[in-house]
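Shown next: input18.txt, given as compact mmCIF, C-alpha atoms and all ligand atoms.
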```
# COMPACT_ATOMS: atom_id res chain seq x y z
CA MET V 1 -105.30 128.22 179.62
CA ALA V 2 -102.27 129.64 181.50
CA ARG V 3 -99.96 127.81 179.08
CA ARG V 4 -101.85 129.36 176.11
CA ARG V 5 -101.44 132.88 177.62
CA ARG V 6 -97.68 132.27 178.20
CA GLY V 7 -97.37 131.16 174.57
CA ALA V 8 -99.13 134.28 173.27
CA ALA V 9 -96.84 136.50 175.42
CA THR V 10 -93.71 134.78 174.08
CA ALA V 11 -94.96 135.21 170.50
CA ALA V 12 -95.63 138.93 171.14
CA ALA V 13 -92.15 139.38 172.67
CA ALA V 14 -90.60 137.60 169.71
CA ALA V 15 -92.50 139.92 167.34
CA ALA V 16 -91.11 143.02 169.19
CA VAL V 17 -87.46 141.94 168.75
CA PRO V 18 -86.32 142.83 165.24
CA PRO V 19 -85.11 139.90 163.24
CA PRO V 20 -81.32 139.71 162.77
CA PRO V 21 -80.25 141.53 159.58
CA THR V 22 -79.89 139.39 156.55
CA LEU V 23 -76.89 139.78 154.27
CA ALA V 24 -79.07 141.46 151.65
CA SER V 25 -80.47 144.05 154.08
CA THR V 26 -76.93 144.82 155.37
CA VAL V 27 -75.69 145.44 151.82
CA ARG V 28 -78.76 147.63 151.12
CA SER V 29 -78.18 149.76 154.22
CA LEU V 30 -74.46 150.13 153.49
CA ASN V 31 -75.23 151.25 149.96
CA ARG V 32 -77.85 153.80 151.09
CA PRO V 33 -76.07 157.23 150.90
CA SER V 34 -75.92 159.15 154.19
CA ILE V 35 -76.53 162.92 153.90
CA PRO V 36 -73.30 164.04 155.68
CA ALA V 37 -71.25 161.71 153.50
CA VAL V 38 -72.89 163.07 150.34
CA LEU V 39 -72.27 166.67 151.43
CA ALA V 40 -68.65 165.98 152.38
CA GLY V 41 -68.08 164.21 149.07
CA GLY V 42 -69.65 167.10 147.16
CA ALA V 43 -67.50 169.65 148.98
CA LEU V 44 -64.37 167.63 148.33
CA TYR V 45 -65.26 167.32 144.65
CA ALA V 46 -65.91 171.07 144.37
CA ALA V 47 -62.64 171.92 146.14
CA ALA V 48 -60.66 169.54 143.93
CA THR V 49 -62.30 170.96 140.79
CA ALA V 50 -61.58 174.54 141.88
CA ALA V 51 -57.96 173.70 142.70
CA GLY V 52 -57.58 172.00 139.33
CA TRP V 53 -59.11 175.01 137.57
CA VAL V 54 -56.75 177.44 139.35
CA PHE V 55 -53.77 175.23 138.55
CA TRP V 56 -54.76 175.04 134.89
CA GLN V 57 -55.33 178.79 134.63
CA VAL V 58 -51.98 179.53 136.22
CA GLN V 59 -50.21 177.03 133.96
CA THR V 60 -51.75 178.38 130.77
CA THR V 61 -51.34 182.10 131.52
CA PRO V 62 -48.34 183.61 129.78
CA ALA V 63 -45.89 184.98 132.34
CA CYS V 64 -46.04 188.75 132.60
CA GLY V 65 -44.12 190.50 135.33
CA SER V 66 -45.44 192.75 138.03
CA GLY V 67 -47.64 195.49 136.60
CA CYS V 68 -48.57 193.60 133.43
CA GLU V 69 -51.91 195.03 132.44
CA ALA V 70 -52.42 194.45 128.74
CA GLU V 71 -53.54 198.06 128.86
CA GLY V 72 -53.64 198.61 125.14
CA ALA V 73 -56.37 195.99 124.99
CA VAL V 74 -59.01 198.26 126.54
CA SER V 75 -58.90 201.84 125.32
CA GLU V 76 -58.91 204.71 127.81
CA ALA V 77 -62.23 205.89 126.35
CA ALA V 78 -63.82 202.44 126.73
CA ARG V 79 -62.53 202.15 130.29
CA ARG V 80 -63.92 205.54 131.25
CA SER V 81 -67.25 204.86 129.61
CA ALA V 82 -67.54 201.77 131.85
CA TYR V 83 -67.89 204.20 134.77
CA THR V 84 -70.56 206.24 133.03
CA ALA V 85 -72.48 203.06 132.23
CA GLY V 86 -72.05 201.64 135.73
CA ALA V 87 -72.68 204.76 137.85
CA ALA V 88 -76.37 204.14 138.55
CA SER V 89 -75.85 200.57 139.74
CA TYR V 90 -72.36 201.01 141.26
CA ASP V 91 -73.48 201.11 144.90
CA GLU V 92 -75.70 198.08 144.47
CA ASP V 93 -72.96 196.21 142.61
CA VAL V 94 -70.26 196.70 145.24
CA GLY V 95 -72.32 197.08 148.44
CA LEU V 96 -72.66 193.47 149.54
CA HIS V 97 -69.12 192.47 148.62
CA GLU V 98 -67.75 195.52 150.51
CA ARG V 99 -69.73 194.64 153.63
CA LEU V 100 -68.75 190.97 153.56
CA GLY V 101 -65.11 191.74 152.79
CA GLY V 102 -64.73 194.33 155.58
CA ILE V 103 -64.16 197.18 153.12
CA ALA V 104 -66.90 199.26 154.72
CA ARG V 105 -65.00 199.14 158.04
CA LEU V 106 -61.69 199.98 156.37
CA ARG V 107 -63.29 203.04 154.76
CA GLU V 108 -64.57 204.17 158.13
CA ARG V 109 -61.19 203.64 159.78
CA LEU V 110 -59.30 205.51 157.03
CA ILE V 111 -61.60 208.50 156.68
CA GLN V 112 -61.61 209.25 160.41
CA HIS V 113 -58.03 210.56 159.88
CA ALA V 114 -59.20 213.30 157.50
CA ARG V 115 -58.90 216.83 158.85
CA GLY V 116 -59.70 220.38 157.74
CA ASP V 117 -59.62 221.09 154.02
CA THR V 118 -59.94 217.67 152.43
CA LEU V 119 -59.70 216.72 148.78
CA GLU V 120 -61.17 213.40 147.74
CA VAL V 121 -59.91 212.20 144.37
CA ALA V 122 -61.96 209.89 142.12
CA ALA V 123 -64.70 210.02 144.73
CA GLY V 124 -67.13 208.05 142.57
CA THR V 125 -70.59 207.84 144.11
CA GLY V 126 -69.39 209.35 147.40
CA ARG V 127 -69.22 206.15 149.42
CA ASN V 128 -66.86 207.77 151.96
CA LEU V 129 -69.05 210.81 152.59
CA GLU V 130 -70.79 209.47 155.66
CA HIS V 131 -67.46 208.85 157.45
CA TYR V 132 -65.88 212.32 157.38
CA PRO V 133 -65.35 213.74 160.86
CA GLU V 134 -67.01 217.00 161.81
CA GLY V 135 -65.04 220.05 160.78
CA CYS V 136 -63.85 218.62 157.45
CA ARG V 137 -64.48 220.83 154.44
CA VAL V 138 -64.62 218.26 151.68
CA VAL V 139 -64.19 218.70 147.93
CA LEU V 140 -65.12 215.60 145.94
CA THR V 141 -63.59 215.23 142.49
CA ASP V 142 -64.08 212.66 139.76
CA ALA V 143 -63.62 212.54 136.00
CA CYS V 144 -67.10 211.07 135.44
CA ASP V 145 -70.20 213.28 135.56
CA ALA V 146 -72.54 210.32 136.11
CA MET V 147 -70.57 209.24 139.20
CA LEU V 148 -70.53 212.78 140.57
CA GLY V 149 -74.29 213.00 139.99
CA VAL V 150 -74.86 210.00 142.28
CA ALA V 151 -72.44 211.50 144.85
CA ARG V 152 -74.36 214.80 144.83
CA ARG V 153 -77.63 213.01 145.52
CA ARG V 154 -76.02 211.01 148.34
CA ALA V 155 -74.63 214.21 149.90
CA ALA V 156 -78.04 215.85 149.72
CA GLU V 157 -79.64 212.86 151.46
CA LEU V 158 -76.96 212.65 154.16
CA GLY V 159 -77.02 216.39 154.74
CA ALA V 160 -80.77 216.83 154.69
CA GLY V 161 -81.96 218.26 157.99
CA ALA V 162 -78.43 218.48 159.43
CA ALA V 163 -77.42 222.13 159.07
CA GLY V 164 -73.67 222.51 158.50
CA SER V 165 -73.10 218.75 158.09
CA VAL V 166 -69.92 217.69 156.28
CA ALA V 167 -71.85 215.95 153.51
CA GLY V 168 -74.34 218.79 153.17
CA CYS V 169 -71.51 221.30 152.68
CA ALA V 170 -69.41 219.15 150.29
CA ARG V 171 -68.35 220.68 146.97
CA PHE V 172 -68.11 218.72 143.73
CA VAL V 173 -65.57 219.34 141.00
CA ARG V 174 -65.13 217.42 137.78
CA SER V 175 -61.41 216.86 137.43
CA ASP V 176 -58.89 214.34 136.16
CA ALA V 177 -56.70 212.92 138.92
CA GLU V 178 -53.65 213.42 136.73
CA ARG V 179 -54.28 217.18 136.46
CA LEU V 180 -55.42 218.30 139.92
CA GLU V 181 -53.04 221.24 140.14
CA SER V 182 -54.39 222.83 136.98
CA ALA V 183 -58.08 222.64 138.00
CA ALA V 184 -58.75 226.26 139.00
CA GLU V 185 -61.63 225.30 141.35
CA LEU V 186 -59.24 223.19 143.45
CA GLY V 187 -57.12 226.18 144.44
CA GLY V 188 -53.65 224.98 143.43
CA VAL V 189 -50.86 223.02 145.06
CA ALA V 190 -50.11 222.75 148.82
CA ARG V 191 -53.68 223.72 149.63
CA TYR V 192 -55.11 220.68 151.52
CA ASP V 193 -54.79 219.19 155.00
CA ALA V 194 -55.84 215.77 153.71
CA VAL V 195 -56.13 214.02 150.36
CA VAL V 196 -58.19 210.84 150.13
CA ASP V 197 -58.26 208.25 147.37
CA THR V 198 -60.12 204.95 147.68
CA PHE V 199 -59.96 202.45 144.81
CA GLY V 200 -58.78 205.09 142.36
CA LEU V 201 -55.25 203.96 141.47
CA CYS V 202 -56.65 200.95 139.64
CA SER V 203 -58.66 203.32 137.47
CA PHE V 204 -56.39 206.13 136.31
CA GLY V 205 -54.77 206.26 132.89
CA ASP V 206 -51.51 207.28 134.60
CA PRO V 207 -51.65 206.18 138.26
CA ALA V 208 -48.09 207.32 139.06
CA ALA V 209 -48.85 210.85 137.85
CA ALA V 210 -52.15 210.88 139.75
CA LEU V 211 -50.50 209.82 143.00
CA ARG V 212 -47.83 212.50 142.61
CA GLN V 213 -50.58 215.08 142.04
CA MET V 214 -52.29 213.96 145.25
CA ALA V 215 -49.04 214.48 147.17
CA ILE V 216 -48.37 217.93 145.81
CA MET V 217 -51.91 219.12 146.55
CA LEU V 218 -51.11 218.56 150.27
CA LYS V 219 -49.66 221.14 152.63
CA PRO V 220 -46.43 219.97 154.30
CA GLY V 221 -47.57 217.73 157.17
CA GLY V 222 -50.90 217.01 155.41
CA ARG V 223 -52.25 213.45 155.38
CA LEU V 224 -52.46 211.21 152.32
CA LEU V 225 -55.10 208.52 152.97
CA LEU V 226 -55.32 205.60 150.57
CA LEU V 227 -57.36 202.43 150.33
CA GLU V 228 -56.55 200.62 147.10
CA HIS V 229 -56.64 197.25 145.46
CA GLY V 230 -54.13 195.61 143.17
CA ARG V 231 -51.80 192.68 142.67
CA SER V 232 -51.01 190.29 145.47
CA PRO V 233 -47.67 189.06 146.81
CA VAL V 234 -49.22 185.59 146.39
CA GLY V 235 -47.91 184.54 142.98
CA TRP V 236 -50.72 182.32 141.74
CA LEU V 237 -53.35 184.88 142.78
CA SER V 238 -51.68 187.64 140.80
CA THR V 239 -51.37 185.30 137.84
CA LEU V 240 -55.14 184.87 137.98
CA LEU V 241 -55.62 188.64 138.23
CA ASP V 242 -53.40 189.04 135.17
CA ARG V 243 -55.37 186.48 133.26
CA TYR V 244 -58.70 188.23 133.76
CA ALA V 245 -57.41 191.82 133.90
CA GLU V 246 -58.57 192.74 130.43
CA ARG V 247 -62.07 191.35 130.89
CA HIS V 248 -62.34 193.05 134.28
CA ALA V 249 -61.12 196.41 132.92
CA ALA V 250 -63.60 196.31 130.05
CA LYS V 251 -66.50 195.70 132.42
CA TRP V 252 -65.50 197.70 135.51
CA GLY V 253 -63.00 200.24 134.18
CA CYS V 254 -60.28 199.19 136.60
CA TRP V 255 -56.99 197.32 136.29
CA TRP V 256 -57.08 195.08 139.29
CA ASN V 257 -53.56 193.72 138.76
CA ARG V 258 -51.60 196.96 139.20
CA ASP V 259 -48.76 197.04 141.70
CA VAL V 260 -50.26 199.79 143.87
CA ASN V 261 -47.76 199.13 146.67
CA ALA V 262 -44.89 199.89 144.27
CA LEU V 263 -46.59 203.16 143.28
CA VAL V 264 -46.70 204.25 146.93
CA ALA V 265 -43.12 203.08 147.48
CA GLN V 266 -42.02 205.29 144.57
CA LEU V 267 -43.47 208.41 146.29
CA GLU V 268 -41.62 207.41 149.46
CA ALA V 269 -38.39 206.96 147.51
CA GLU V 270 -38.83 210.45 146.08
CA GLN V 271 -39.31 211.68 149.67
CA LEU V 272 -42.64 213.27 148.86
CA ILE V 273 -44.34 211.31 151.66
CA VAL V 274 -43.55 209.27 154.76
CA VAL V 275 -45.79 206.25 155.30
CA ASP V 276 -47.07 206.12 158.88
CA THR V 277 -49.33 203.06 158.56
CA ARG V 278 -49.37 200.45 155.83
CA ALA V 279 -51.49 197.32 156.01
CA ARG V 280 -52.52 194.70 153.50
CA PHE V 281 -55.66 192.60 153.51
CA HIS V 282 -57.32 189.94 151.34
CA ALA V 283 -54.12 188.04 150.51
CA GLY V 284 -52.40 191.38 149.97
CA THR V 285 -54.77 192.61 147.25
CA THR V 286 -56.14 195.43 149.43
CA LEU V 287 -53.68 198.12 150.52
CA TYR V 288 -54.38 200.56 153.38
CA VAL V 289 -52.05 203.55 153.76
CA GLU V 290 -51.89 206.57 156.07
CA ALA V 291 -49.00 208.82 155.03
CA THR V 292 -47.74 212.32 155.75
CA ARG V 293 -46.57 214.86 153.17
CA VAL V 294 -42.94 215.78 153.74
C1 LIG C 1 -63.51 202.03 141.29
S1 LIG C 1 -64.24 203.61 141.28
C2 LIG C 1 -63.95 204.11 142.95
C3 LIG C 1 -64.92 205.15 143.39
C4 LIG C 1 -64.78 205.60 144.85
N1 LIG C 1 -63.52 206.20 145.12
C5 LIG C 1 -65.04 204.47 145.82
O1 LIG C 1 -64.22 204.27 146.72
O2 LIG C 1 -66.09 203.81 145.71
C6 LIG C 1 -63.05 204.53 140.37
C7 LIG C 1 -63.45 205.98 140.11
O3 LIG C 1 -62.38 206.61 139.42
C8 LIG C 1 -62.92 207.53 138.50
N2 LIG C 1 -61.86 207.84 137.52
C9 LIG C 1 -61.40 207.03 136.54
N3 LIG C 1 -60.39 207.65 135.88
C10 LIG C 1 -60.23 208.85 136.48
C11 LIG C 1 -59.35 209.94 136.28
N4 LIG C 1 -58.39 209.90 135.35
N5 LIG C 1 -59.46 211.04 137.06
C12 LIG C 1 -60.41 211.08 138.03
N6 LIG C 1 -61.28 210.10 138.27
C13 LIG C 1 -61.18 209.00 137.50
C14 LIG C 1 -64.13 206.80 137.96
O4 LIG C 1 -65.03 207.69 137.33
C15 LIG C 1 -64.68 206.16 139.21
O5 LIG C 1 -65.60 206.99 139.84
```
Written as structure tokens, that's how I'd like the structure from this file.
Ligand SMILES: C[S@@+](CC[C@H](N)C(=O)[O-])C[C@H]1O[C@@H](n2cnc3c(N)ncnc32)[C@H](O)[C@@H]1O
Amino acid sequence: MARRRRGAATAAAAAAVPPPPTLASTVRSLNRPSIPAVLAGGALYAAATAAGWVFWQVQTTPACGSGCEAEGAVSEAARRSAYTAGAASYDEDVGLHERLGGIARLRERLIQHARGDTLEVAAGTGRNLEHYPEGCRVVLTDACDAMLGVARRRAAELGAGAAGSVAGCARFVRSDAERLESAAELGGVARYDAVVDTFGLCSFGDPAAALRQMAIMLKPGGRLLLLEHGRSPVGWLSTLLDRYAERHAAKWGCWWNRDVNALVAQLEAEQLIVVDTRARFHAGTTLYVEATRV
């Protein structure tokens, strides 16, 4: 009886110990894909494909020096009408990307340097309005009525219930950036303590003329505050910007491959401004400038 019980216990113990793996089961388990390995392989494949795509694009793009824009390819009228078409959805289109890319914080940091009578050029939908310090008397200009319409609504919302708020007191003037001094409502040259332009230089028909106009609208000692995007010092990145510049300009109205840093350097060379702070972000494609009118 005792021997039978011992035998049953040994059989039970033997059943609990897994049998040694056979060759077939080892091969099966080695061939079964593990999730981390699949994910790592997928990521590697995607990275290699992306690198190959970038390499191919760079190789097959005709060389065009700094500032190459293929501008004739998208007419000025078509480019401007992109802003009219995109005004209603502009904030939604750029909002997430601006938050993720830190642009919202750069706007805030730049605009805190505005003082007194402030002219914002190409103000678009008024995305900087909420950042102006108290005491600023802001005039927002843009060439596009639809953009200014959105900016007006934003100002009304921001200013509602806050008597004397900067946004609530903002004025709106339709004006071309290249002709600021001849817009009677803007009061003429040397009139402003600060001039602001964010992401405008990519959009103007003549960005050099527009930047010069911004400088001459400032009083001596006034601040020129710029946040712009354009070509990168990283060669392959600018080659990619060149390649898609025309498509981007047709859809968004902006030439994202302009050498905005060179435009600012030209004003410095002409001794119209002194740059106090210059910083570049996003592989050099975003340019931040605080400058003073000489
Ligand atoms: C990329 S959006 C930038 C808008 C705004 N500054 C911002 O930071 O969101 C460019 C703006 O430039 C305006 N614009 C284009 N050409 C212009 C010109 N020649 N004079 C004035 N504004 C112009 C467009 O209507 C548009 O509102």
Can you pull out every residue with an atom within 9 Å of ligand LIG 1 (chain C)? Use all atoms listed in the file and format it as a PDB file with C-alpha atoms, in the frame of the given file.
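Contents of part-v3.pdb, freshly written:
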```pdb
ATOM      1  CA  GLU V  76     -58.910 204.710 127.810  1.00  0.00           C
ATOM      2  CA  ARG V  79     -62.530 202.150 130.290  1.00  0.00           C
ATOM      3  CA  ARG V  80     -63.920 205.540 131.250  1.00  0.00           C
ATOM      4  CA  SER V  81     -67.250 204.860 129.610  1.00  0.00           C
ATOM      5  CA  ALA V  82     -67.540 201.770 131.850  1.00  0.00           C
ATOM      6  CA  TYR V  83     -67.890 204.200 134.770  1.00  0.00           C
ATOM      7  CA  THR V  84     -70.560 206.240 133.030  1.00  0.00           C
ATOM      8  CA  ALA V  87     -72.680 204.760 137.850  1.00  0.00           C
ATOM      9  CA  TYR V  90     -72.360 201.010 141.260  1.00  0.00           C
ATOM     10  CA  ASP V  91     -73.480 201.110 144.900  1.00  0.00           C
ATOM     11  CA  VAL V  94     -70.260 196.700 145.240  1.00  0.00           C
ATOM     12  CA  ARG V 107     -63.290 203.040 154.760  1.00  0.00           C
ATOM     13  CA  GLU V 120     -61.170 213.400 147.740  1.00  0.00           C
ATOM     14  CA  VAL V 121     -59.910 212.200 144.370  1.00  0.00           C
ATOM     15  CA  ALA V 122     -61.960 209.890 142.120  1.00  0.00           C
ATOM     16  CA  ALA V 123     -64.700 210.020 144.730  1.00  0.00           C
ATOM     17  CA  GLY V 124     -67.130 208.050 142.570  1.00  0.00           C
ATOM     18  CA  THR V 125     -70.590 207.840 144.110  1.00  0.00           C
ATOM     19  CA  GLY V 126     -69.390 209.350 147.400  1.00  0.00           C
ATOM     20  CA  ARG V 127     -69.220 206.150 149.420  1.00  0.00           C
ATOM     21  CA  ASN V 128     -66.860 207.770 151.960  1.00  0.00           C
ATOM     22  CA  THR V 141     -63.590 215.230 142.490  1.00  0.00           C
ATOM     23  CA  ASP V 142     -64.080 212.660 139.760  1.00  0.00           C
ATOM     24  CA  ALA V 143     -63.620 212.540 136.000  1.00  0.00           C
ATOM     25  CA  CYS V 144     -67.100 211.070 135.440  1.00  0.00           C
ATOM     26  CA  ASP V 145     -70.200 213.280 135.560  1.00  0.00           C
ATOM     27  CA  ALA V 146     -72.540 210.320 136.110  1.00  0.00           C
ATOM     28  CA  MET V 147     -70.570 209.240 139.200  1.00  0.00           C
ATOM     29  CA  LEU V 148     -70.530 212.780 140.570  1.00  0.00           C
ATOM     30  CA  ARG V 174     -65.130 217.420 137.780  1.00  0.00           C
ATOM     31  CA  SER V 175     -61.410 216.860 137.430  1.00  0.00           C
ATOM     32  CA  ASP V 176     -58.890 214.340 136.160  1.00  0.00           C
ATOM     33  CA  ALA V 177     -56.700 212.920 138.920  1.00  0.00           C
ATOM     34  CA  GLU V 178     -53.650 213.420 136.730  1.00  0.00           C
ATOM     35  CA  ARG V 179     -54.280 217.180 136.460  1.00  0.00           C
ATOM     36  CA  LEU V 180     -55.420 218.300 139.920  1.00  0.00           C
ATOM     37  CA  VAL V 196     -58.190 210.840 150.130  1.00  0.00           C
ATOM     38  CA  ASP V 197     -58.260 208.250 147.370  1.00  0.00           C
ATOM     39  CA  THR V 198     -60.120 204.950 147.680  1.00  0.00           C
ATOM     40  CA  PHE V 199     -59.960 202.450 144.810  1.00  0.00           C
ATOM     41  CA  GLY V 200     -58.780 205.090 142.360  1.00  0.00           C
ATOM     42  CA  LEU V 201     -55.250 203.960 141.470  1.00  0.00           C
ATOM     43  CA  CYS V 202     -56.650 200.950 139.640  1.00  0.00           C
ATOM     44  CA  SER V 203     -58.660 203.320 137.470  1.00  0.00           C
ATOM     45  CA  PHE V 204     -56.390 206.130 136.310  1.00  0.00           C
ATOM     46  CA  GLY V 205     -54.770 206.260 132.890  1.00  0.00           C
ATOM     47  CA  ASP V 206     -51.510 207.280 134.600  1.00  0.00           C
ATOM     48  CA  PRO V 207     -51.650 206.180 138.260  1.00  0.00           C
ATOM     49  CA  ALA V 210     -52.150 210.880 139.750  1.00  0.00           C
ATOM     50  CA  LEU V 227     -57.360 202.430 150.330  1.00  0.00           C
ATOM     51  CA  GLU V 228     -56.550 200.620 147.100  1.00  0.00           C
ATOM     52  CA  TRP V 252     -65.500 197.700 135.510  1.00  0.00           C
ATOM     53  CA  GLY V 253     -63.000 200.240 134.180  1.00  0.00           C
ATOM     54  CA  CYS V 254     -60.280 199.190 136.600  1.00  0.00           C
TER      55      CYS V 254
END
```
Skip segment 183-193 of chain V itself and residues of its chain fewer than 5 positions away, then list as a PyMOL selection string all residues within 10 Å of it, counting only C-alpha atoms. chain V and resi 114-119+136-141+171-177+213-224+292-293
Shell around Leu263 of chain V at 12 Å using only C-alpha atoms, local window under 5 positions removed, as a JSON list (two decimals) with C-alpha atoms, keeping the file's coordinate frame:
```
[["chain", "number", "residue", "atom", "x", "y", "z"],
["V", 66, "SER", "CA", -45.44, 192.75, 138.03],
["V", 67, "GLY", "CA", -47.64, 195.49, 136.60],
["V", 201, "LEU", "CA", -55.25, 203.96, 141.47],
["V", 202, "CYS", "CA", -56.65, 200.95, 139.64],
["V", 206, "ASP", "CA", -51.51, 207.28, 134.60],
["V", 207, "PRO", "CA", -51.65, 206.18, 138.26],
["V", 208, "ALA", "CA", -48.09, 207.32, 139.06],
["V", 209, "ALA", "CA", -48.85, 210.85, 137.85],
["V", 210, "ALA", "CA", -52.15, 210.88, 139.75],
["V", 211, "LEU", "CA", -50.50, 209.82, 143.00],
["V", 212, "ARG", "CA", -47.83, 212.50, 142.61],
["V", 226, "LEU", "CA", -55.32, 205.60, 150.57],
["V", 228, "GLU", "CA", -56.55, 200.62, 147.10],
["V", 229, "HIS", "CA", -56.64, 197.25, 145.46],
["V", 230, "GLY", "CA", -54.13, 195.61, 143.17],
["V", 231, "ARG", "CA", -51.80, 192.68, 142.67],
["V", 258, "ARG", "CA", -51.60, 196.96, 139.20],
["V", 268, "GLU", "CA", -41.62, 207.41, 149.46],
["V", 269, "ALA", "CA", -38.39, 206.96, 147.51],
["V", 270, "GLU", "CA", -38.83, 210.45, 146.08],
["V", 273, "ILE", "CA", -44.34, 211.31, 151.66],
["V", 287, "LEU", "CA", -53.68, 198.12, 150.52],
["V", 289, "VAL", "CA", -52.05, 203.55, 153.76]]
```
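Of note, atom CA of Ala85 of chain V and atom CA of Trp255 of chain V are spaced 17.0 Å apart.
Our summary of the geometry notes that atom CA of Leu106 of chain V is positioned 18.5 Å from atom CA of Glu92 of chain V.
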Proximity to Val74 of chain V - best of V:Arg32, V:Arg247, V:Arg99, V:Arg153, only C-alpha atoms: V:Arg247
In Å, rounded to a single decimal, give me how far atom CA of Ile103 of chain V is from atom CA of Val275 of chain V.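 That distance, rounded to one decimal, is 20.6 Å.
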Given 6 Å on each side, where is the centre and what are the edge lengths in Å to one decimal of the axis-aligned box enclosing the listed atoms of segment 236-250 of chain V, as lines of an AutoDock Vina configuration file?
```
center_x = -57.2
center_y = 189.4
center_z = 136.4
size_x = 24.9
size_y = 26.1
size_z = 24.7
```
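Of the residues listed (V:Glu130, V:Asn257, V:Val17, V:Tyr45), V:Glu130 shows the shortest atom-to-atom separation from Ala170 of chain V; distances use only C-alpha atoms.
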From the structure block, carefully write segment 177-211 of chain V out with C-alpha atoms; format it as a short mmCIF file (atom, residue, chain, number, x, y, z; two decimals), in the first residue's frame.
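Ended up saving to selection-v1.cif:
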```
data_model
loop_
_atom_site.label_atom_id
_atom_site.label_comp_id
_atom_site.auth_asym_id
_atom_site.auth_seq_id
_atom_site.Cartn_x
_atom_site.Cartn_y
_atom_site.Cartn_z
CA ALA V 177 4.50 95.48 -45.33
CA GLU V 178 6.47 96.95 -48.22
CA ARG V 179 4.59 100.27 -48.00
CA LEU V 180 4.17 101.00 -44.28
CA GLU V 181 5.42 104.57 -44.48
CA SER V 182 2.79 105.55 -47.01
CA ALA V 183 -0.18 104.15 -45.05
CA ALA V 184 -1.69 107.35 -43.61
CA GLU V 185 -3.31 105.51 -40.65
CA LEU V 186 0.12 104.36 -39.46
CA GLY V 187 1.34 107.90 -38.85
CA GLY V 188 4.57 107.93 -40.85
CA VAL V 189 8.19 107.06 -40.20
CA ALA V 190 10.03 107.11 -36.83
CA ARG V 191 6.71 106.84 -35.00
CA TYR V 192 6.96 103.52 -33.04
CA ASP V 193 8.72 102.28 -29.92
CA ALA V 194 8.53 98.69 -31.15
CA VAL V 195 7.89 96.89 -34.42
CA VAL V 196 7.02 93.20 -34.35
CA ASP V 197 7.02 90.69 -37.19
CA THR V 198 6.51 86.97 -36.65
CA PHE V 199 6.66 84.62 -39.65
CA GLY V 200 6.17 87.47 -42.10
CA LEU V 201 9.47 87.58 -44.01
CA CYS V 202 8.68 84.25 -45.63
CA SER V 203 5.47 85.76 -46.97
CA PHE V 204 6.27 89.15 -48.47
CA GLY V 205 6.72 89.77 -52.17
CA ASP V 206 9.80 91.86 -51.34
CA PRO V 207 11.08 90.83 -47.88
CA ALA V 208 14.14 93.12 -47.99
CA ALA V 209 11.96 96.17 -48.66
CA ALA V 210 9.50 95.12 -45.94
CA LEU V 211 12.27 94.72 -43.36
#
```
